[in-house]
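Undergrad: This is the structure, below, for whatever I ask next.
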Amino acid sequence: MIQFAGVHKWFNQLHVLNDINLRITPGEVLVVCGPSGSGKSTLIRTINQLEPIDKGKLVVDGMDLLDKKTDINKLRAEIGFVFQQFNLYPHLSVLGNITLAPLKIRKMPKKEAEEQAMTLLARVGLAEKRDAYPSQLSGGQQQRVAIARALAMKPKIMLFDEPTSALDPEMIGEVLAVMQGLAGTGITMVVVTHEMGFAREVAHRVAFMDHGVVLEEAKPEEFFRNPQHERAQQFLKQLL
Ligand code: ADP
Ligand code: MG
């Protein structure tokens, strides 16, 4: 579903992605972890071309991102992105937030878009909040709405960039539970997170990044039991 082959990216002098080679299969859940500034956000932002790459090959669902003929709008329509900040539209209700893109971009009939939104809201446990506005919701609830909103476009791929980092501790679990519910449904997930409990239980593979390099890539049981690189060992120790 996603293939990085010899991918490089620079921000001026900074070599932010250094020879990334990763294959993510359909339905796979990949957790990306590593120290702050190691390039995790840049890596996942390249997948929907929020950050263009400078060198190498990046193919997403058969679309070559360096091919000028690739339709970036088509690519982005297949990819849901959930950020640390929830970024809901403050002037729209929960239902309005979730139906906006299906109505405007997919040209879905209103009734169908609303029915789909209610199904998604039930899935994230927020059916009773359909008419609430973002400011009336807790952080955890806003993030669950953001996930429902992304799912409304029926993406093949969901990208999560530290989706629980801005949340109060008591709200982290409810968001991770929704993400766990998505895993194994066939959707491909790339999740940047420091929640190693989630990585252990839900990820099919863990990639550890440091200074723009994927230093280690392993099944979670191997990564946590026996991290190969000293940097990974240090990183895991700090999280304990
Ligand atoms: P992470 O998500 O692992 O914390 P990032 O991908 O956000 O790391 O950043 C990696 C490095 O690239 C950092 O040193 C950061 O300061 C730098 N960086 C990120 N975005 C930009 C940008 N738009 N311009 C210049 N430098 C950037
Ligand atoms: Mg980041």
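In the structure tokens, chains take letters A, B, ... by order of appearance, with residues numbered from 1 within each chain and ligands from 1 in the order shown.
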With 12 Å as the cut-off and only C-alpha atoms and all ligand atoms counted, what is the closest atom pair between each nearby residue of chain A and ligand 2? Distances in Å to one decimal, ordered by chain and number, as a tab-separated table.
TA:
residue	atom	partner	partner_atom_place_in_ligand_line	distance
A:Val16	CA	ligand 2	1 (Mg)	11.9
A:Val32	CA	ligand 2	1 (Mg)	10.3
A:Cys33	CA	ligand 2	1 (Mg)	9.6
A:Gly34	CA	ligand 2	1 (Mg)	9.5
A:Pro35	CA	ligand 2	1 (Mg)	9.1
A:Ser36	CA	ligand 2	1 (Mg)	6.7
A:Gly37	CA	ligand 2	1 (Mg)	6.8
A:Ser38	CA	ligand 2	1 (Mg)	8.1
A:Gly39	CA	ligand 2	1 (Mg)	6.9
A:Lys40	CA	ligand 2	1 (Mg)	5.5
A:Ser41	CA	ligand 2	1 (Mg)	4.1
A:Thr42	CA	ligand 2	1 (Mg)	7.3
A:Leu43	CA	ligand 2	1 (Mg)	9.1
A:Ile44	CA	ligand 2	1 (Mg)	9.2
A:Arg45	CA	ligand 2	1 (Mg)	9.7
A:Phe83	CA	ligand 2	1 (Mg)	9.5
A:Gln84	CA	ligand 2	1 (Mg)	8.8
A:Gln85	CA	ligand 2	1 (Mg)	11.7
A:Phe160	CA	ligand 2	1 (Mg)	10.3
A:Asp161	CA	ligand 2	1 (Mg)	6.6
A:Glu162	CA	ligand 2	1 (Mg)	7.0
A:Pro163	CA	ligand 2	1 (Mg)	10.4
A:Ser165	CA	ligand 2	1 (Mg)	10.0
A:Val191	CA	ligand 2	1 (Mg)	11.0
A:Val192	CA	ligand 2	1 (Mg)	7.6
A:Thr193	CA	ligand 2	1 (Mg)	9.0
A:His194	CA	ligand 2	1 (Mg)	10.6
A:Met209	CA	ligand 2	1 (Mg)	11.3
A:Gly212	CA	ligand 2	1 (Mg)	12.0
Undergrad: Using only C-alpha atoms, please write the residues we just selected to a file, as a PDB file, in the first residue's frame.
TA:
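Saved to selection-v1.pdb:
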ATOM      1  CA  VAL A  16      15.557  15.149   7.731  1.00  0.00           C
ATOM      2  CA  VAL A  32       6.568   4.956  14.187  1.00  0.00           C
ATOM      3  CA  CYS A  33       8.411   6.057  17.303  1.00  0.00           C
ATOM      4  CA  GLY A  34      11.640   7.840  18.138  1.00  0.00           C
ATOM      5  CA  PRO A  35      12.990  10.952  19.811  1.00  0.00           C
ATOM      6  CA  SER A  36      11.600  14.423  19.169  1.00  0.00           C
ATOM      7  CA  GLY A  37      13.056  15.889  15.982  1.00  0.00           C
ATOM      8  CA  SER A  38      13.944  12.504  14.486  1.00  0.00           C
ATOM      9  CA  GLY A  39      11.731  13.076  11.426  1.00  0.00           C
ATOM     10  CA  LYS A  40       8.576  11.131  12.307  1.00  0.00           C
ATOM     11  CA  SER A  41       6.109  13.882  11.363  1.00  0.00           C
ATOM     12  CA  THR A  42       8.008  14.656   8.182  1.00  0.00           C
ATOM     13  CA  LEU A  43       7.939  10.953   7.275  1.00  0.00           C
ATOM     14  CA  ILE A  44       4.188  10.570   7.571  1.00  0.00           C
ATOM     15  CA  ARG A  45       3.533  13.937   5.961  1.00  0.00           C
ATOM     16  CA  PHE A  83      -3.105  15.390  13.977  1.00  0.00           C
ATOM     17  CA  GLN A  84      -2.144  16.176  17.520  1.00  0.00           C
ATOM     18  CA  GLN A  85      -4.416  19.221  17.400  1.00  0.00           C
ATOM     19  CA  PHE A 160      -2.046   9.533  12.887  1.00  0.00           C
ATOM     20  CA  ASP A 161       0.570  12.014  14.104  1.00  0.00           C
ATOM     21  CA  GLU A 162       0.726  11.860  17.909  1.00  0.00           C
ATOM     22  CA  PRO A 163      -3.069  11.835  18.177  1.00  0.00           C
ATOM     23  CA  SER A 165      -0.168  13.973  22.793  1.00  0.00           C
ATOM     24  CA  VAL A 191       0.686   5.866  13.687  1.00  0.00           C
ATOM     25  CA  VAL A 192       3.300   8.139  15.214  1.00  0.00           C
ATOM     26  CA  THR A 193       2.922   7.711  18.953  1.00  0.00           C
ATOM     27  CA  HIS A 194       4.769   7.423  22.226  1.00  0.00           C
ATOM     28  CA  MET A 209      13.581   6.606  13.894  1.00  0.00           C
ATOM     29  CA  GLY A 212      16.161  10.927   9.901  1.00  0.00           C
TER      30      GLY A 212
END
Undergrad: With only C-alpha atoms as the counted atoms, please give the residues lying no more than 12 Å from A:Val178, apart from itself and same-chain residues fewer than 6 positions off, as a PyMOL selection string.
TA: chain A and resi 120-126+140-141+143-148+151+163-164+171-172+185+198+202
Undergrad: Set the distance at 12 Å and use only C-alpha atoms: which residues neighbour A:Asn18 once local chain neighbours fewer than 3 positions away are removed? I'd like the list as a VMD selection string.
TA: chain A and resid 4 to 11 14 to 15 21 38 to 40 42 to 43 53 to 56 209 to 215
Undergrad: Which residues come within 8 Å of A:Arg205, counting only C-alpha atoms, excluding same-chain residues fewer than 3 positions away, as a ChimeraX atom specification?
TA: /A:29-31,217-220
Undergrad: May I ask which of the residues A:Val190, A:Met1, A:Leu17, A:Met158 is the closest one to ligand 1, counting only C-alpha atoms and all ligand atoms?
TA: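 Closest residue, counting only C-alpha atoms and all ligand atoms: A:Leu17.
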Undergrad: Have a look at atom CA of A:Ile20 and atom CA of A:Ala207 and let me know their distance in Å, one decimal.
TA: 10.9 Å
Undergrad: Do you have the atom 18 (N, counted along the ligand's line) of ligand 1-atom CA of A:Phe235 distance handy?
TA: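 Interatomic distance, atom 18 (N, counted along the ligand's line) of ligand 1 to atom CA of A:Phe235: 20.3 Å.
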Undergrad: I'd like to know which residues of stretch 105-159 of chain A are alpha helix (DSSP H) (by DSSP, run on the backbone); could you write them as JSON, numbers by chain?
TA: {"A": [110, 111, 112, 113, 114, 115, 116, 117, 118, 119, 120, 121, 122, 123, 139, 140, 141, 142, 143, 144, 145, 146, 147, 148, 149, 150, 151]}
Undergrad: Let me make sure I understand: among A:Asp61, A:Thr99, A:Phe208, A:Val175, which one has the smallest atom-to-atom distance to ligand 1 if we use only C-alpha atoms and all ligand atoms?
TA: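 The shortest atom-to-atom distance to ligand 1 comes from A:Phe208.
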Undergrad: So, with only C-alpha atoms and all ligand atoms as the atoms that count, which of A:Pro102, A:Gly184, A:Gly173, A:Pro52 lies closest to ligand 1?
TA: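 With only C-alpha atoms and all ligand atoms as the atom set, the closest residue is A:Pro52.
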Undergrad: Which residue is closest to A:Ser135? Choose from A:Ile2, A:Leu88, A:Arg200, A:Pro227 and count only C-alpha atoms.
TA: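 When distances to A:Ser135 are compared using only C-alpha atoms, the smallest one comes from A:Leu88.
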Undergrad: Set the distance at 7 Å and use only C-alpha atoms: which residues neighbour A:Gly27 once local chain neighbours fewer than 4 positions away are removed? I'd like the list as a PyMOL selection string.
TA: chain A and resi 184+186-188
Undergrad: Would you mind exporting all heavy atoms of the selected residues as a PDB file, in the first residue's frame?
TA:
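Result went into out21.pdb, see below:
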ATOM      1  N   GLY A 184      -7.127  -3.774  12.008  1.00  0.00           N
ATOM      2  CA  GLY A 184      -7.643  -5.093  11.678  1.00  0.00           C
ATOM      3  C   GLY A 184      -8.936  -5.041  10.876  1.00  0.00           C
ATOM      4  O   GLY A 184      -9.497  -6.076  10.540  1.00  0.00           O
ATOM      5  N   GLY A 186      -8.951  -3.758   7.952  1.00  0.00           N
ATOM      6  CA  GLY A 186      -8.512  -3.735   6.560  1.00  0.00           C
ATOM      7  C   GLY A 186      -7.892  -2.409   6.173  1.00  0.00           C
ATOM      8  O   GLY A 186      -7.209  -2.304   5.154  1.00  0.00           O
ATOM      9  N   ILE A 187      -8.110  -1.382   7.012  1.00  0.00           N
ATOM     10  CA  ILE A 187      -7.540  -0.080   6.707  1.00  0.00           C
ATOM     11  C   ILE A 187      -6.050  -0.109   7.080  1.00  0.00           C
ATOM     12  O   ILE A 187      -5.662  -0.742   8.057  1.00  0.00           O
ATOM     13  CB  ILE A 187      -8.328   1.017   7.461  1.00  0.00           C
ATOM     14  CG1 ILE A 187      -8.089   2.400   6.867  1.00  0.00           C
ATOM     15  CG2 ILE A 187      -8.012   1.030   8.941  1.00  0.00           C
ATOM     16  CD1 ILE A 187      -9.157   3.401   7.279  1.00  0.00           C
ATOM     17  N   THR A 188      -5.240   0.541   6.265  1.00  0.00           N
ATOM     18  CA  THR A 188      -3.803   0.612   6.535  1.00  0.00           C
ATOM     19  C   THR A 188      -3.554   1.802   7.456  1.00  0.00           C
ATOM     20  O   THR A 188      -4.061   2.894   7.199  1.00  0.00           O
ATOM     21  CB  THR A 188      -3.046   0.806   5.207  1.00  0.00           C
ATOM     22  OG1 THR A 188      -3.434  -0.245   4.313  1.00  0.00           O
ATOM     23  CG2 THR A 188      -1.538   0.786   5.409  1.00  0.00           C
TER      24      THR A 188
END
